[in-house]
>>> print(open('protein.pdb').read())   # PDB, C-alpha atoms and all ligand atoms
MODEL        1
ATOM      1  CA  MET Q  44     170.109 226.834  82.490  1.00  0.00           C
ATOM      2  CA  THR Q  45     171.561 228.875  85.352  1.00  0.00           C
ATOM      3  CA  ASP Q  46     168.058 229.794  86.488  1.00  0.00           C
ATOM      4  CA  LEU Q  47     167.068 226.151  86.479  1.00  0.00           C
ATOM      5  CA  ARG Q  48     170.148 225.184  88.453  1.00  0.00           C
ATOM      6  CA  GLU Q  49     169.387 227.879  91.005  1.00  0.00           C
ATOM      7  CA  LEU Q  50     165.806 226.710  91.284  1.00  0.00           C
ATOM      8  CA  TYR Q  51     166.958 223.127  91.773  1.00  0.00           C
ATOM      9  CA  GLN Q  52     169.467 224.216  94.395  1.00  0.00           C
ATOM     10  CA  GLN Q  53     166.787 226.177  96.226  1.00  0.00           C
ATOM     11  CA  ILE Q  54     164.474 223.162  96.297  1.00  0.00           C
ATOM     12  CA  ILE Q  55     167.240 221.001  97.804  1.00  0.00           C
ATOM     13  CA  LEU Q  56     168.231 223.647 100.368  1.00  0.00           C
ATOM     14  CA  ASP Q  57     164.608 224.198 101.342  1.00  0.00           C
ATOM     15  CA  HIS Q  58     163.911 220.494 101.848  1.00  0.00           C
ATOM     16  CA  ASN Q  59     167.131 220.060 103.822  1.00  0.00           C
ATOM     17  CA  ARG Q  60     166.289 223.001 106.081  1.00  0.00           C
ATOM     18  CA  ALA Q  61     162.667 221.976 106.607  1.00  0.00           C
ATOM     19  CA  PRO Q  62     162.323 218.266 105.796  1.00  0.00           C
ATOM     20  CA  ARG Q  63     158.784 217.093 105.047  1.00  0.00           C
ATOM     21  CA  ASN Q  64     157.434 213.925 106.679  1.00  0.00           C
ATOM     22  CA  PHE Q  65     160.338 213.815 109.141  1.00  0.00           C
ATOM     23  CA  HIS Q  66     158.770 211.468 111.686  1.00  0.00           C
ATOM     24  CA  ASP Q  67     158.081 207.792 112.288  1.00  0.00           C
ATOM     25  CA  ILE Q  68     154.742 206.338 111.307  1.00  0.00           C
ATOM     26  CA  PRO Q  69     153.461 204.795 114.563  1.00  0.00           C
ATOM     27  CA  ASP Q  70     151.262 202.118 112.943  1.00  0.00           C
ATOM     28  CA  ALA Q  71     153.593 201.379 110.029  1.00  0.00           C
ATOM     29  CA  ASP Q  72     153.049 198.224 107.961  1.00  0.00           C
ATOM     30  CA  ARG Q  73     156.482 198.306 106.384  1.00  0.00           C
ATOM     31  CA  GLN Q  74     159.827 199.773 107.331  1.00  0.00           C
ATOM     32  CA  ALA Q  75     163.458 199.581 106.353  1.00  0.00           C
ATOM     33  CA  GLU Q  76     166.845 200.945 107.300  1.00  0.00           C
ATOM     34  CA  GLY Q  77     169.264 202.464 104.821  1.00  0.00           C
ATOM     35  CA  ASP Q  78     172.932 203.153 105.304  1.00  0.00           C
ATOM     36  CA  ASN Q  79     175.442 204.979 103.118  1.00  0.00           C
ATOM     37  CA  PRO Q  80     178.747 204.450 104.961  1.00  0.00           C
ATOM     38  CA  LEU Q  81     180.709 206.361 102.335  1.00  0.00           C
ATOM     39  CA  CYS Q  82     179.064 209.610 103.422  1.00  0.00           C
ATOM     40  CA  GLY Q  83     177.637 208.657 106.820  1.00  0.00           C
ATOM     41  CA  ASP Q  84     173.982 208.924 105.805  1.00  0.00           C
ATOM     42  CA  ARG Q  85     171.515 206.816 107.782  1.00  0.00           C
ATOM     43  CA  ILE Q  86     167.814 206.699 107.150  1.00  0.00           C
ATOM     44  CA  HIS Q  87     164.790 204.863 108.486  1.00  0.00           C
ATOM     45  CA  VAL Q  88     161.684 204.809 106.305  1.00  0.00           C
ATOM     46  CA  SER Q  89     158.288 203.710 107.622  1.00  0.00           C
ATOM     47  CA  VAL Q  90     155.166 203.235 105.522  1.00  0.00           C
ATOM     48  CA  ARG Q  91     151.492 202.658 106.237  1.00  0.00           C
ATOM     49  CA  LEU Q  92     149.639 200.939 103.417  1.00  0.00           C
ATOM     50  CA  GLU Q  93     145.984 200.903 102.532  1.00  0.00           C
ATOM     51  CA  ASP Q  94     145.440 198.118 100.016  1.00  0.00           C
ATOM     52  CA  ASP Q  95     148.141 198.837  97.422  1.00  0.00           C
ATOM     53  CA  ARG Q  96     148.384 202.542  98.207  1.00  0.00           C
ATOM     54  CA  ILE Q  97     150.962 204.386 100.340  1.00  0.00           C
ATOM     55  CA  ALA Q  98     148.561 206.026 102.784  1.00  0.00           C
ATOM     56  CA  ASP Q  99     151.315 207.546 104.906  1.00  0.00           C
ATOM     57  CA  ILE Q 100     155.098 207.638 104.892  1.00  0.00           C
ATOM     58  CA  GLY Q 101     157.740 209.158 107.114  1.00  0.00           C
ATOM     59  CA  PHE Q 102     161.479 209.072 107.588  1.00  0.00           C
ATOM     60  CA  THR Q 103     164.005 209.713 110.325  1.00  0.00           C
ATOM     61  CA  GLY Q 104     167.764 209.688 110.354  1.00  0.00           C
ATOM     62  CA  SER Q 105     170.680 211.942 109.712  1.00  0.00           C
ATOM     63  CA  GLY Q 106     173.088 212.671 106.934  1.00  0.00           C
ATOM     64  CA  CYS Q 107     174.188 215.197 104.387  1.00  0.00           C
ATOM     65  CA  ALA Q 108     171.937 217.799 102.778  1.00  0.00           C
ATOM     66  CA  ILE Q 109     171.476 215.727  99.620  1.00  0.00           C
ATOM     67  CA  SER Q 110     170.296 212.600 101.455  1.00  0.00           C
ATOM     68  CA  GLN Q 111     167.977 214.547 103.762  1.00  0.00           C
ATOM     69  CA  ALA Q 112     166.477 216.618 100.953  1.00  0.00           C
ATOM     70  CA  SER Q 113     166.105 213.513  98.800  1.00  0.00           C
ATOM     71  CA  ALA Q 114     164.255 211.689 101.597  1.00  0.00           C
ATOM     72  CA  SER Q 115     162.008 214.706 102.107  1.00  0.00           C
ATOM     73  CA  LEU Q 116     161.182 215.014  98.405  1.00  0.00           C
ATOM     74  CA  MET Q 117     160.832 211.238  98.012  1.00  0.00           C
ATOM     75  CA  THR Q 118     158.288 210.943 100.833  1.00  0.00           C
ATOM     76  CA  SER Q 119     156.355 213.940  99.449  1.00  0.00           C
ATOM     77  CA  ALA Q 120     156.353 212.427  95.954  1.00  0.00           C
ATOM     78  CA  VAL Q 121     155.091 208.943  96.846  1.00  0.00           C
ATOM     79  CA  LYS Q 122     152.588 209.759  99.592  1.00  0.00           C
ATOM     80  CA  GLY Q 123     149.096 208.808  98.383  1.00  0.00           C
ATOM     81  CA  ARG Q 124     150.437 206.926  95.366  1.00  0.00           C
ATOM     82  CA  SER Q 125     150.083 203.238  94.584  1.00  0.00           C
ATOM     83  CA  ILE Q 126     153.026 200.929  95.172  1.00  0.00           C
ATOM     84  CA  ALA Q 127     153.360 200.469  91.395  1.00  0.00           C
ATOM     85  CA  GLU Q 128     153.523 204.252  90.869  1.00  0.00           C
ATOM     86  CA  ALA Q 129     156.119 204.593  93.632  1.00  0.00           C
ATOM     87  CA  GLU Q 130     158.250 201.849  92.076  1.00  0.00           C
ATOM     88  CA  GLY Q 131     157.924 203.617  88.715  1.00  0.00           C
ATOM     89  CA  LEU Q 132     159.227 206.836  90.266  1.00  0.00           C
ATOM     90  CA  PHE Q 133     162.065 204.895  91.923  1.00  0.00           C
ATOM     91  CA  HIS Q 134     163.207 203.608  88.527  1.00  0.00           C
ATOM     92  CA  ALA Q 135     162.788 206.986  86.781  1.00  0.00           C
ATOM     93  CA  PHE Q 136     164.739 208.733  89.560  1.00  0.00           C
ATOM     94  CA  HIS Q 137     167.468 206.099  89.530  1.00  0.00           C
ATOM     95  CA  GLU Q 138     167.861 206.473  85.761  1.00  0.00           C
ATOM     96  CA  MET Q 139     167.978 210.259  85.980  1.00  0.00           C
ATOM     97  CA  VAL Q 140     170.780 210.352  88.574  1.00  0.00           C
ATOM     98  CA  THR Q 141     172.825 207.499  87.091  1.00  0.00           C
ATOM     99  CA  CYS Q 142     172.578 207.841  83.311  1.00  0.00           C
ATOM    100  CA  GLY Q 143     170.725 211.109  82.850  1.00  0.00           C
ATOM    101  CA  SER Q 144     167.866 209.532  80.962  1.00  0.00           C
ATOM    102  CA  GLY Q 145     164.363 208.798  82.148  1.00  0.00           C
ATOM    103  CA  ASP Q 146     161.125 210.696  81.931  1.00  0.00           C
ATOM    104  CA  ARG Q 147     161.863 213.915  83.779  1.00  0.00           C
ATOM    105  CA  THR Q 148     158.407 215.403  83.315  1.00  0.00           C
ATOM    106  CA  SER Q 149     156.894 212.688  85.508  1.00  0.00           C
ATOM    107  CA  LEU Q 150     159.449 213.450  88.216  1.00  0.00           C
ATOM    108  CA  GLY Q 151     158.323 217.006  88.977  1.00  0.00           C
ATOM    109  CA  LYS Q 152     160.421 218.516  91.787  1.00  0.00           C
ATOM    110  CA  LEU Q 153     162.508 215.346  91.948  1.00  0.00           C
ATOM    111  CA  ALA Q 154     164.247 216.681  88.834  1.00  0.00           C
ATOM    112  CA  ALA Q 155     166.102 218.951  91.275  1.00  0.00           C
ATOM    113  CA  PHE Q 156     168.524 216.038  91.700  1.00  0.00           C
ATOM    114  CA  SER Q 157     169.378 215.757  88.005  1.00  0.00           C
ATOM    115  CA  GLY Q 158     172.644 217.639  88.669  1.00  0.00           C
ATOM    116  CA  VAL Q 159     174.015 215.074  91.131  1.00  0.00           C
ATOM    117  CA  ARG Q 160     174.877 212.856  88.178  1.00  0.00           C
ATOM    118  CA  GLU Q 161     177.994 214.999  87.797  1.00  0.00           C
ATOM    119  CA  PHE Q 162     179.079 214.077  91.339  1.00  0.00           C
ATOM    120  CA  PRO Q 163     179.279 210.252  91.524  1.00  0.00           C
ATOM    121  CA  ALA Q 164     179.799 210.182  95.303  1.00  0.00           C
ATOM    122  CA  ARG Q 165     176.582 212.192  95.738  1.00  0.00           C
ATOM    123  CA  VAL Q 166     174.513 209.818  93.607  1.00  0.00           C
ATOM    124  CA  LYS Q 167     174.474 207.330  96.503  1.00  0.00           C
ATOM    125  CA  CYS Q 168     173.258 210.043  98.870  1.00  0.00           C
ATOM    126  CA  ALA Q 169     170.378 210.918  96.540  1.00  0.00           C
ATOM    127  CA  ASN Q 170     169.505 207.266  95.885  1.00  0.00           C
ATOM    128  CA  LEU Q 171     169.660 206.056  99.498  1.00  0.00           C
ATOM    129  CA  PRO Q 172     166.092 207.060 100.485  1.00  0.00           C
ATOM    130  CA  TRP Q 173     164.721 205.453  97.320  1.00  0.00           C
ATOM    131  CA  HIS Q 174     166.569 202.184  97.856  1.00  0.00           C
ATOM    132  CA  THR Q 175     165.319 202.183 101.438  1.00  0.00           C
ATOM    133  CA  LEU Q 176     161.726 202.757 100.300  1.00  0.00           C
ATOM    134  CA  HIS Q 177     162.123 200.003  97.717  1.00  0.00           C
ATOM    135  CA  ALA Q 178     163.330 197.611 100.441  1.00  0.00           C
ATOM    136  CA  ALA Q 179     160.463 198.597 102.737  1.00  0.00           C
ATOM    137  CA  LEU Q 180     157.857 197.997 100.015  1.00  0.00           C
ATOM    138  CA  ARG Q 181     159.430 194.650  99.178  1.00  0.00           C
ATOM    139  CA  GLY Q 182     159.315 193.720 102.856  1.00  0.00           C
ATOM    140  CA  ALA Q 183     163.080 193.204 103.027  1.00  0.00           C
ATOM    141  CA  ASP Q 184     164.268 192.289 106.512  1.00  0.00           C
ATOM    142  CA  ARG Q 185     167.905 193.184 105.992  1.00  0.00           C
ATOM    143  CA  PRO Q 186     169.208 196.761 106.173  1.00  0.00           C
ATOM    144  CA  VAL Q 187     170.031 198.399 102.865  1.00  0.00           C
ATOM    145  CA  SER Q 188     173.578 199.539 102.268  1.00  0.00           C
ATOM    146  CA  THR Q 189     174.924 201.446  99.304  1.00  0.00           C
ATOM    147  CA  GLU Q 190     178.217 199.557  99.723  1.00  0.00           C
TER     148      GLU Q 190
HETATM  149 ZN    ZN K   1     175.417 211.882 101.810  1.00  0.00          ZN
ENDMDL
END
>>> encode(input="protein.pdb", output="structure tokens")
Amino acid sequence: MTDLRELYQQIILDHNRAPRNFHDIPDADRQAEGDNPLCGDRIHVSVRLEDDRIADIGFTGSGCAISQASASLMTSAVKGRSIAEAEGLFHAFHEMVTCGSGDRTSLGKLAAFSGVREFPARVKCANLPWHTLHAALRGADRPVSTE
């Protein structure tokens, strides 16, 4: 279990240090803003769709290591997937960090966030990028806030 925790921690540190897809998508079809005032995390997610597939996705913003790493891993996980698959991951991730259930095998590296469940204030940081993606895919025109 210690090895797994260390591995998870390394994944989060790595993605915080070198975030993947950290840029705006110039010809984005969908975008949304997310805000977690409790921690000071702000994120902007932009998506380019091809039919019902996420052809490209990027994020910008600033915040704590958990929110940045979560955004990096989230964008990596959903890029190239269908909207339905991305929404499925959103629900599986949300379940994992809130109640500890959910199909972890389908989550791959996203399972690195399973430990945040023990830190309720951090759950919002981990969830913020996913809620923002969800809003972008839904075409929401109001910013997302965790409060
Ligand atoms: Zn945070």
>>> resolve_selection(input="protein.pdb", expression="the PyMOL selection byres (((not hetatm)) within 12 of (chain K and resi 1))", output="NGL selection string")
:Q and (59 or 77-86 or 104-114 or 159 or 162-172 or 189)
>>> atom_distance(input="protein.pdb", atom1="atom CA of Ile126 of chain Q", atom2="atom CA of Tyr51 of chain Q")
26.4 Å
>>> closest_residue(input="protein.pdb", among="Q:His137, Q:Arg160, Q:Lys122, Q:His58", to="His174 of chain Q", atoms="only C-alpha atoms")
Q:His137
>>> residues_around(input="protein.pdb", residues="Asp99 of chain Q", least_positions_apart="5", cutoff="8 Å", atoms="only C-alpha atoms", output="PyMOL selection string")
chain Q and resi 68+90-92+122-123
>>> closest_atom_pairs(input="protein.pdb", of="segment 110-129 of chain Q", to="segment 138-153 of chain Q", cutoff="12 Å", atoms="all atoms listed in the file", output="tab-separated table")
residue	atom	partner	partner_atom	distance
Q:Ala112	CA	Q:Leu153	CA	9.9
Q:Ser113	CA	Q:Leu153	CA	8.0
Q:Ala114	CA	Q:Leu153	CA	10.5
Q:Ser115	CA	Q:Leu153	CA	10.2
Q:Leu116	CA	Q:Leu153	CA	6.6
Q:Met117	CA	Q:Leu153	CA	7.5
Q:Thr118	CA	Q:Leu153	CA	10.8
Q:Ser119	CA	Q:Leu153	CA	9.8
Q:Ala120	CA	Q:Leu153	CA	7.9
Q:Val121	CA	Q:Leu150	CA	10.7
Q:Glu128	CA	Q:Ser149	CA	10.5
Q:Ala129	CA	Q:Leu150	CA	10.9
>>> resolve_selection(input="protein.pdb", expression="the PyMOL selection byres (((chain Q and resi 125) around 6) and not hetatm)", output="PDB file with C-alpha atoms, in the coordinates of the input")
ATOM      1  CA  ASP Q  95     148.141 198.837  97.422  1.00  0.00           C
ATOM      2  CA  ARG Q  96     148.384 202.542  98.207  1.00  0.00           C
ATOM      3  CA  ILE Q  97     150.962 204.386 100.340  1.00  0.00           C
ATOM      4  CA  ARG Q 124     150.437 206.926  95.366  1.00  0.00           C
ATOM      5  CA  ILE Q 126     153.026 200.929  95.172  1.00  0.00           C
ATOM      6  CA  ALA Q 127     153.360 200.469  91.395  1.00  0.00           C
ATOM      7  CA  GLU Q 128     153.523 204.252  90.869  1.00  0.00           C
TER       8      GLU Q 128
END
>>> decode(input="protein.pdb", residues="segment 75-176 of chain Q", atoms="C-alpha atoms", output="CSV table (one decimal), in the first residue's frame")
chain,number,residue,atom,x,y,z
Q,75,ALA,CA,-15.8,26.9,-19.5
Q,76,GLU,CA,-14.4,28.6,-16.4
Q,77,GLY,CA,-14.1,26.9,-13.1
Q,78,ASP,CA,-13.4,28.5,-9.7
Q,79,ASN,CA,-12.7,27.0,-6.3
Q,80,PRO,CA,-12.7,30.1,-4.0
Q,81,LEU,CA,-12.0,27.9,-0.9
Q,82,CYS,CA,-8.5,27.2,-2.2
Q,83,GLY,CA,-8.0,29.8,-4.9
Q,84,ASP,CA,-8.0,27.5,-7.8
Q,85,ARG,CA,-9.0,28.9,-11.2
Q,86,ILE,CA,-9.2,27.0,-14.4
Q,87,HIS,CA,-10.2,27.6,-18.0
Q,88,VAL,CA,-10.9,24.5,-20.1
Q,89,SER,CA,-11.3,24.7,-23.9
Q,90,VAL,CA,-12.3,21.8,-26.1
Q,91,ARG,CA,-12.4,21.2,-29.9
Q,92,LEU,CA,-15.0,18.6,-30.9
Q,93,GLU,CA,-15.1,16.4,-34.0
Q,94,ASP,CA,-18.6,15.0,-34.2
Q,95,ASP,CA,-19.1,13.6,-30.7
Q,96,ARG,CA,-15.4,13.1,-30.0
Q,97,ILE,CA,-13.0,15.3,-28.0
Q,98,ALA,CA,-10.4,16.0,-30.7
Q,99,ASP,CA,-8.4,18.4,-28.6
Q,100,ILE,CA,-8.5,19.8,-25.1
Q,101,GLY,CA,-6.4,22.2,-23.2
Q,102,PHE,CA,-6.5,24.1,-19.9
Q,103,THR,CA,-5.0,27.2,-18.4
Q,104,GLY,CA,-5.2,28.7,-15.0
Q,105,SER,CA,-3.5,28.6,-11.6
Q,106,GLY,CA,-4.0,26.9,-8.3
Q,107,CYS,CA,-2.7,24.3,-5.9
Q,108,ALA,CA,-0.8,21.2,-7.0
Q,109,ILE,CA,-3.9,18.9,-6.7
Q,110,SER,CA,-6.0,21.1,-9.0
Q,111,GLN,CA,-3.2,21.5,-11.6
Q,112,ALA,CA,-2.3,17.9,-11.6
Q,113,SER,CA,-6.0,16.9,-11.8
Q,114,ALA,CA,-6.5,19.2,-14.8
Q,115,SER,CA,-3.4,17.7,-16.5
Q,116,LEU,CA,-4.5,14.1,-15.9
Q,117,MET,CA,-8.1,14.9,-16.8
Q,118,THR,CA,-7.2,16.4,-20.2
Q,119,SER,CA,-4.8,13.5,-20.9
Q,120,ALA,CA,-7.5,11.0,-20.0
Q,121,VAL,CA,-10.3,12.4,-22.1
Q,122,LYS,CA,-8.4,13.5,-25.2
Q,123,GLY,CA,-9.6,11.5,-28.2
Q,124,ARG,CA,-12.5,10.0,-26.3
Q,125,SER,CA,-16.2,10.4,-27.1
Q,126,ILE,CA,-18.3,12.8,-25.0
Q,127,ALA,CA,-20.1,9.8,-23.5
Q,128,GLU,CA,-16.8,8.2,-22.5
Q,129,ALA,CA,-15.6,11.5,-20.9
Q,130,GLU,CA,-18.9,11.9,-19.0
Q,131,GLY,CA,-18.5,8.3,-17.8
Q,132,LEU,CA,-15.0,9.1,-16.5
Q,133,PHE,CA,-16.3,12.2,-14.8
Q,134,HIS,CA,-18.8,10.2,-12.9
Q,135,ALA,CA,-16.3,7.4,-12.0
Q,136,PHE,CA,-13.8,10.0,-10.8
Q,137,HIS,CA,-16.4,11.9,-8.8
Q,138,GLU,CA,-17.5,8.6,-7.1
Q,139,MET,CA,-13.9,7.6,-6.3
Q,140,VAL,CA,-13.0,10.9,-4.6
Q,141,THR,CA,-16.3,11.4,-2.8
Q,142,CYS,CA,-17.4,7.9,-1.6
Q,143,GLY,CA,-14.4,5.7,-2.6
Q,144,SER,CA,-16.5,3.5,-4.9
Q,145,GLY,CA,-16.5,3.4,-8.6
Q,146,ASP,CA,-14.7,1.3,-11.2
Q,147,ARG,CA,-11.0,2.2,-10.5
Q,148,THR,CA,-9.6,-0.1,-13.2
Q,149,SER,CA,-11.2,2.1,-15.9
Q,150,LEU,CA,-9.7,5.2,-14.3
Q,151,GLY,CA,-6.0,4.2,-14.9
Q,152,LYS,CA,-3.7,7.0,-13.7
Q,153,LEU,CA,-6.7,9.0,-12.4
Q,154,ALA,CA,-6.7,6.5,-9.5
Q,155,ALA,CA,-3.8,8.6,-8.2
Q,156,PHE,CA,-6.4,10.9,-6.7
Q,157,SER,CA,-8.1,8.1,-4.7
Q,158,GLY,CA,-6.3,9.3,-1.5
Q,159,VAL,CA,-7.8,12.8,-1.6
Q,160,ARG,CA,-11.0,11.3,-0.2
Q,161,GLU,CA,-9.4,11.5,3.2
Q,162,PHE,CA,-8.9,15.3,2.8
Q,163,PRO,CA,-12.4,16.8,2.2
Q,164,ALA,CA,-11.1,20.3,1.4
Q,165,ARG,CA,-8.9,18.7,-1.4
Q,166,VAL,CA,-11.8,16.9,-3.0
Q,167,LYS,CA,-13.0,20.2,-4.5
Q,168,CYS,CA,-9.5,20.8,-5.9
Q,169,ALA,CA,-9.4,17.4,-7.6
Q,170,ASN,CA,-13.0,17.7,-8.9
Q,171,LEU,CA,-12.8,21.3,-10.2
Q,172,PRO,CA,-11.3,20.4,-13.6
Q,173,TRP,CA,-13.9,17.7,-14.1
Q,174,HIS,CA,-16.8,20.0,-13.2
Q,175,THR,CA,-15.4,22.6,-15.6
Q,176,LEU,CA,-15.1,20.0,-18.4
